[in-house]
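Trainee: Let me give you the structure first, and then I'll get to my questions.
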Amino acid sequence: MQFRRLGNSGLKVSNLCLGTMAFGRWIDEDSSARVLDAALDAGVNFVDTADVYGKGMDNDTPDQKGESEAILGSLLGARRQRLVLATKVRGEMGRGPNEQGLSRGHIMAAVDASLRRLRTDYIDLYQCHSFDPNTPIEESLRALDDLVRQGKVRYIGCSNFAAWQIAKAHGISERLGLARFVSVQPQYSLLVRDVEGELLPFCRSEGVGVIPYSPMARGLLTGKYRKGEEPPAGTRAAAGEKRLHALMSDETFDRVERFRAACTEWGLAMPQVATAWVLANPAVTSAIVGASKPEQVADAAAAAELQLSAEQLQTLDQIFATPRG
């Protein structure tokens with residue numbers, strides 16, 4: 001496992017991050033324990049969750065959100081001290097109008113709830129899950145800075161922010177002497193490459209760590225789905241996940257088949273190549289790999305050490321070329 005600085009901070013994280021959206025949502029605590037153990041045994045020191053992760057994401061039940069954090073809190077124990085633990089705030093955690101968003105009130109309430117569920121005194125990386133157009137960003141940044149000063153949070157980051165939103169936040173932080181975002185979590189894969197136009201160059205220029213999620217395009221790049229076939233039982237597609245189905249098209253499946261053929265020719269597994277391609281981008285710090293089985297962690301760990309050749313990278317760019325408008 002390789003370790004890289006998170007943006008311009010002094011924090012060092014493994015180039016693979018264990019994503020735990022499946023914990024409590026699709027797998028129980030015992031299965032989650034096996035996945036977590038496999039990740040730690042592989043050398044991963046970076047674990048990512050969010051306060052909204054849990055069964056409540058699918059059945060719109062607020063009291064079933066937070067299950068991922070609660071499971072992690074139960075499992076980590078003494079291992080907590082050697083891990084970089086990241087979570088997020090923004091999503092709806094109750095029915096009230098102030099139980100979501102990035103207002104000072106919600107941030108302050110949410111962080112204490114996350115700390116209780118995670119059974120820890122501090123969060124290494126506290127991230128805004130998405131931009132909140134209904135709250136002045138200065139209000140959010142002042143609240144997050146207070147959390148850093150109180151010791152509840154050590155670093156702050158964001159997820160699903162555009163480059164201009166991070167730039168605006170950095171300008172406010174610099175002007176007011178507040179903690180600044182050290183990282184961003186965007187969706188990024190061979191199939192979803194829009195961040196290459198502006199966000200990734202911005203992050204390289206400004207020293208913002210990039211922690212992509214869905215490097216395997218929600219499973220499309222693993223080869224488990226094929227055109228004209230019903231999705232395998234127990235998969236995200238079979239469960240009807242909307243964001244996955246939005247990626248599915250005849251063109252996508254055709255590209256995936258060409259990708260499958262290339263990986264077969266190289267003697268490499270599709271998930272490993274997909275993850276290694278993301279990690280090959282110099283802007284990327286660590287790739288978030290969600291897992292529901294220990295063997296998926298082992299595959300990801302192999303990808304963390306895989307160095308794709310220039311010829312292989314060129315082939316992949318040809319298969320997944322993004323048309324420019």
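As shown in the structure tokens, the chain order sets the letters A, B, ...; within each chain, residues go from 1, and ligands are also counted from 1 in the order they appear.
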Enumerate as a VMD selection string all residues of region 136-227 of chain A assigned to alpha helix (DSSP H) by DSSP on the backbone, naming them with the chain letters and numbers the document uses.
Mentor: chain A and resid 137 to 150 163 to 176 199 to 206
Trainee: Can I get the selection written as a PDB file, in the first residue's frame, with C-alpha atoms?
Mentor:
```
ATOM      1  CA  ILE A 137     -20.839  29.261   2.750  1.00  0.00           C
ATOM      2  CA  GLU A 138     -19.233  31.628   5.273  1.00  0.00           C
ATOM      3  CA  GLU A 139     -21.684  30.336   7.903  1.00  0.00           C
ATOM      4  CA  SER A 140     -20.694  26.733   7.168  1.00  0.00           C
ATOM      5  CA  LEU A 141     -16.973  27.502   7.212  1.00  0.00           C
ATOM      6  CA  ARG A 142     -17.167  29.380  10.530  1.00  0.00           C
ATOM      7  CA  ALA A 143     -18.955  26.413  12.095  1.00  0.00           C
ATOM      8  CA  LEU A 144     -16.423  23.935  10.707  1.00  0.00           C
ATOM      9  CA  ASP A 145     -13.539  26.118  11.892  1.00  0.00           C
ATOM     10  CA  ASP A 146     -15.026  26.127  15.396  1.00  0.00           C
ATOM     11  CA  LEU A 147     -15.082  22.331  15.328  1.00  0.00           C
ATOM     12  CA  VAL A 148     -11.404  22.254  14.377  1.00  0.00           C
ATOM     13  CA  ARG A 149     -10.556  24.661  17.203  1.00  0.00           C
ATOM     14  CA  GLN A 150     -12.592  22.583  19.652  1.00  0.00           C
ATOM     15  CA  ALA A 163     -14.113  23.912  -8.637  1.00  0.00           C
ATOM     16  CA  TRP A 164     -15.651  27.381  -8.294  1.00  0.00           C
ATOM     17  CA  GLN A 165     -17.337  26.398  -5.038  1.00  0.00           C
ATOM     18  CA  ILE A 166     -14.054  25.228  -3.520  1.00  0.00           C
ATOM     19  CA  ALA A 167     -12.291  28.351  -4.816  1.00  0.00           C
ATOM     20  CA  LYS A 168     -14.937  30.554  -3.205  1.00  0.00           C
ATOM     21  CA  ALA A 169     -14.602  28.648   0.073  1.00  0.00           C
ATOM     22  CA  HIS A 170     -10.809  28.964   0.001  1.00  0.00           C
ATOM     23  CA  GLY A 171     -11.070  32.700  -0.581  1.00  0.00           C
ATOM     24  CA  ILE A 172     -13.345  33.113   2.436  1.00  0.00           C
ATOM     25  CA  SER A 173     -11.132  30.891   4.599  1.00  0.00           C
ATOM     26  CA  GLU A 174      -8.038  32.882   3.656  1.00  0.00           C
ATOM     27  CA  ARG A 175      -9.732  36.240   4.252  1.00  0.00           C
ATOM     28  CA  LEU A 176     -11.133  35.260   7.648  1.00  0.00           C
ATOM     29  CA  LEU A 199     -11.955  20.197 -11.072  1.00  0.00           C
ATOM     30  CA  LEU A 200      -8.863  17.985 -11.302  1.00  0.00           C
ATOM     31  CA  PRO A 201      -6.617  20.702 -12.834  1.00  0.00           C
ATOM     32  CA  PHE A 202      -7.853  23.114 -10.146  1.00  0.00           C
ATOM     33  CA  CYS A 203      -7.036  20.632  -7.377  1.00  0.00           C
ATOM     34  CA  ARG A 204      -3.519  20.048  -8.706  1.00  0.00           C
ATOM     35  CA  SER A 205      -2.933  23.782  -8.916  1.00  0.00           C
ATOM     36  CA  GLU A 206      -4.311  24.597  -5.461  1.00  0.00           C
TER      37      GLU A 206
END
```
Trainee: Rank A:Asp63, A:Glu251, A:Glu99, A:Asp51 by their smallest atom-to-atom distance to Thr87 (chain A), using only C-alpha atoms, and report the top residue only.
Mentor: A:Asp51
Trainee: Find the spatial neighbours of region 32-42 of chain A, counting only C-alpha atoms, within a cut-off of 7 Å - ignore same-chain residues fewer than 4 positions away - and output them as number ranges by chain.
Mentor: A: 18, 23, 27-28, 75, 291-294, 297, 301
Trainee: What does the distance between CA of Gly24 (chain A) and CA of Gly56 (chain A) come to in Å, to one decimal place?
Mentor: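 Spanning CA of Gly24 (chain A) to CA of Gly56 (chain A) is a straight-line distance of 9.6 Å.
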Trainee: Between A:Ser68, A:Asn59, A:Ser249, A:Thr275, which has the minimum distance to Ala22 (chain A) (counting only C-alpha atoms)?
Mentor: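 Ranked by minimum distance to Ala22 (chain A), first place goes to A:Ser68.
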Trainee: Using only C-alpha atoms, what table do you get, as a Markdown table, when you list each residue of region 147-221 of chain A with an atom no more than 9 Å from region 261-273 of chain A, its nearest pair of atoms, and their distance in Å rounded to one decimal, rows by chain then rising number?
Mentor:
```
| residue | atom | partner | partner_atom | distance |
| --- | --- | --- | --- | --- |
| A:Pro215 | CA | A:Pro271 | CA | 8.7 |
| A:Met216 | CA | A:Pro271 | CA | 6.4 |
| A:Gly219 | CA | A:Pro271 | CA | 8.4 |
| A:Leu221 | CA | A:Pro271 | CA | 6.3 |
```
Trainee: Using only C-alpha atoms, which of A:Gln185, A:Ser130, A:Thr61, A:Ser286 sits nearest Arg4 (chain A)?
Mentor: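 Among A:Gln185, A:Ser130, A:Thr61, A:Ser286, it is A:Ser286 that comes nearest to Arg4 (chain A).
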Trainee: Using only C-alpha atoms, which residues sit within 12 Å of region 81-83 of chain A once same-chain residues fewer than 4 positions away are excluded, as a PDB file with C-alpha atoms, in the first residue's frame?
Mentor:
```
ATOM      1  CA  LEU A  11      -1.978  14.023   6.884  1.00  0.00           C
ATOM      2  CA  LYS A  12      -0.878  10.816   5.147  1.00  0.00           C
ATOM      3  CA  VAL A  13      -3.485   8.389   3.848  1.00  0.00           C
ATOM      4  CA  SER A  14      -3.321   5.076   1.992  1.00  0.00           C
ATOM      5  CA  CYS A  17      -9.804   4.248   1.083  1.00  0.00           C
ATOM      6  CA  LEU A  18     -12.399   1.800   2.357  1.00  0.00           C
ATOM      7  CA  LEU A  36     -13.004  -4.007   7.667  1.00  0.00           C
ATOM      8  CA  ALA A  39      -8.912  -3.724   4.557  1.00  0.00           C
ATOM      9  CA  LEU A  40      -6.784  -3.166   7.643  1.00  0.00           C
ATOM     10  CA  GLY A  43      -2.593  -1.868   4.883  1.00  0.00           C
ATOM     11  CA  VAL A  44      -5.492   0.527   4.384  1.00  0.00           C
ATOM     12  CA  ASN A  45      -5.440   3.292   7.002  1.00  0.00           C
ATOM     13  CA  PHE A  46      -8.225   5.428   5.526  1.00  0.00           C
ATOM     14  CA  VAL A  47     -11.946   4.715   6.121  1.00  0.00           C
ATOM     15  CA  ASP A  48     -14.810   6.820   4.789  1.00  0.00           C
ATOM     16  CA  LEU A  72     -17.803   1.306  12.582  1.00  0.00           C
ATOM     17  CA  LEU A  76     -12.971  -0.153  15.543  1.00  0.00           C
ATOM     18  CA  GLY A  77     -12.125  -0.266  19.241  1.00  0.00           C
ATOM     19  CA  ARG A 119     -17.560   6.168  19.633  1.00  0.00           C
ATOM     20  CA  THR A 120     -14.670   8.555  19.166  1.00  0.00           C
ATOM     21  CA  ASP A 121     -13.592  11.942  20.489  1.00  0.00           C
ATOM     22  CA  TYR A 122     -12.607  13.330  17.108  1.00  0.00           C
ATOM     23  CA  ILE A 123     -13.122  12.956  13.371  1.00  0.00           C
ATOM     24  CA  ASP A 124      -9.992  13.124  11.224  1.00  0.00           C
ATOM     25  CA  LEU A 125     -11.712  14.438   8.093  1.00  0.00           C
TER      26      LEU A 125
END
```
Trainee: Go through A:Lys55, A:Thr222, A:Gln318, A:Pro186 one by one, measure the shortest atom-to-atom distance of each to Thr285 (chain A) using only C-alpha atoms, and give the residue with the smallest value.
Mentor: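 Answer, going by the shortest atom-to-atom distance: A:Pro186.
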